[in-house]
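One structure is given below, encoded as structure tokens.
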Amino acid sequence: MDLDLRKLRYFVAVADQLHFGRAAEELHIAQPVLSRQIKALEQDLGASLFTRDRHGVALTDAGRQLSAEAGPLLASALAVRRRVSEAARGSRRLVIGFRAGVAVIPAARAFEARHPDVVVDVQRIEWGDQAPLLLDGRIDVGYVRLPIDETGLRVTPLYTEPRVAVLPTGHRWAGKGEVTEADLAGEPLVWHGDPSTQPTRRPHPDAGYRVRGVDETLEHVAAGRGISFLPRSTTVFHSHPDVTYVTVRDLAPDQVCLAVAASRTSPLVDAFVAAARAAAEITAECGNYEMWQRAGDSVSRHG
């Protein structure tokens, strides 16, 4: 029997809340209706998804498995609807997501030279948006920075680049040509994204200052609330009068990848990915924007 997406959405609501009443309120349906739909889904799958007792609601092993699979599946269904709607309007468009500091223009120029009838739109994305925007079809290809939840995605390494320390101008190390991780150990940290990837220390999620993006990072560092770390290319596009960037000699590099939804099959997407990989191969100086522009011109001329 085919999997009913409506029932799957109901399941996800209960799995998130672990409470039938709250899930029913979120879905704007009556609780008995929700219970019947979950029971029908269990019958469809031939497996119990929840246990219910006086302690509350919990996922079974089968429920945990379905919970892991359901998000990408629902997102993929939404992406299909988006693409069908665009096709019905006669639209030929690719939306390319990119993280701060990543230059999209070289690959876009090369792609547009071969596909002049396709509009390439670009959209800046933050760490927490990377996978969701790809899975639900709001972007077609993403220039992402690791780590990323790769469930439901095809992720291809593109290049690595150095990371630098972001320091307030009055910091004791601000005038140095370079420092080491040991020099910065124990400093208060301003961080965004996954805390487990932050160098020199790995803060508890409630520790330090957690921010959403580069602009907020710079403001907090400038205010003296801590230091941070950014990919070198990001510093080309972002500056602040009260912040300085210092090379960290032994800091692990940042990994930039291309990501596409695993369910996405499109010759245009494949063509853009090929253009992006070719542009990255032409120059190893990934943080230099002028070099990236020349790479794009070269790919356009030579294919």
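Each chain in the structure tokens gets a letter, A, B and so on, in the order shown; residues start at 1 in every chain, and ligands are counted from 1 in the order they appear.
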Please report as JSON lines every residue of stretch 205-235 of chain A lying within 7 Å of stretch 162-177 of chain A, along with the nearest atom pair and their distance in Å (one decimal), using only C-alpha atoms.
{"residue": "A:Val221", "atom": "CA", "partner": "A:Pro168", "partner_atom": "CA", "distance": 5.6}
{"residue": "A:Ala222", "atom": "CA", "partner": "A:Pro168", "partner_atom": "CA", "distance": 5.0}
{"residue": "A:Gly224", "atom": "CA", "partner": "A:Pro168", "partner_atom": "CA", "distance": 6.1}
{"residue": "A:Ile227", "atom": "CA", "partner": "A:Leu167", "partner_atom": "CA", "distance": 5.2}
{"residue": "A:Ser228", "atom": "CA", "partner": "A:Val166", "partner_atom": "CA", "distance": 4.9}
{"residue": "A:Phe229", "atom": "CA", "partner": "A:Ala165", "partner_atom": "CA", "distance": 4.6}
{"residue": "A:Leu230", "atom": "CA", "partner": "A:Arg163", "partner_atom": "CA", "distance": 5.3}
{"residue": "A:Pro231", "atom": "CA", "partner": "A:Arg163", "partner_atom": "CA", "distance": 4.1}
{"residue": "A:Arg232", "atom": "CA", "partner": "A:Arg163", "partner_atom": "CA", "distance": 5.2}
Residues from the last selection, N, CA and C atoms, saved as a PDB file, in the first residue's frame:
ATOM      1  N   VAL A 221      31.680  40.429  18.604  1.00  0.00           N
ATOM      2  CA  VAL A 221      33.124  40.488  18.805  1.00  0.00           C
ATOM      3  C   VAL A 221      33.558  41.940  19.028  1.00  0.00           C
ATOM      4  N   ALA A 222      33.036  42.854  18.225  1.00  0.00           N
ATOM      5  CA  ALA A 222      33.389  44.268  18.370  1.00  0.00           C
ATOM      6  C   ALA A 222      33.037  44.796  19.755  1.00  0.00           C
ATOM      7  N   GLY A 224      33.320  43.214  22.407  1.00  0.00           N
ATOM      8  CA  GLY A 224      34.190  42.609  23.400  1.00  0.00           C
ATOM      9  C   GLY A 224      33.595  41.442  24.150  1.00  0.00           C
ATOM     10  N   ILE A 227      35.648  36.107  21.158  1.00  0.00           N
ATOM     11  CA  ILE A 227      36.287  36.011  19.846  1.00  0.00           C
ATOM     12  C   ILE A 227      35.502  35.003  19.013  1.00  0.00           C
ATOM     13  N   SER A 228      35.838  34.929  17.734  1.00  0.00           N
ATOM     14  CA  SER A 228      35.167  33.957  16.877  1.00  0.00           C
ATOM     15  C   SER A 228      36.130  33.505  15.796  1.00  0.00           C
ATOM     16  N   PHE A 229      35.638  32.639  14.904  1.00  0.00           N
ATOM     17  CA  PHE A 229      36.440  32.107  13.810  1.00  0.00           C
ATOM     18  C   PHE A 229      35.587  32.086  12.552  1.00  0.00           C
ATOM     19  N   LEU A 230      36.166  32.507  11.432  1.00  0.00           N
ATOM     20  CA  LEU A 230      35.445  32.544  10.170  1.00  0.00           C
ATOM     21  C   LEU A 230      36.334  32.020   9.054  1.00  0.00           C
ATOM     22  N   PRO A 231      35.726  31.480   7.987  1.00  0.00           N
ATOM     23  CA  PRO A 231      36.515  31.132   6.805  1.00  0.00           C
ATOM     24  C   PRO A 231      37.167  32.388   6.231  1.00  0.00           C
ATOM     25  N   ARG A 232      38.350  32.226   5.681  1.00  0.00           N
ATOM     26  CA  ARG A 232      39.084  33.393   5.189  1.00  0.00           C
ATOM     27  C   ARG A 232      38.309  34.153   4.121  1.00  0.00           C
TER      28      ARG A 232
END
Discussion item. Give me the residues near stretch 143-150 of chain A as a PyMOL selection string, where near means some atom within 7 Å (using only C-alpha atoms) and where sequence neighbours in that chain fewer than 4 positions away do not count.
Written reply: chain A and resi 97-99+130-131+155+255-259
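Distances to A:Val248 were evaluated for A:Thr180, A:Ser266, A:Thr151, A:Thr235 using only C-alpha atoms, and the minimum falls at A:Thr180.
Excluding stretch 216-218 of chain A and any residue on its chain fewer than 3 positions from it, the residues at most 7 Å away by only C-alpha atoms are Val190, Val211, Arg212, Gly213, Val221, Ala222, His240 and Val243 of chain A.
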Discussion item. I need the residues in stretch 97-229 of chain A that are strand (DSSP E or B) according to DSSP; give them as a ChimeraX atom specification.
Written reply: /A:97-98,119-124,141-145,153-161,163-168,178-179,189-191,209-210,227-229
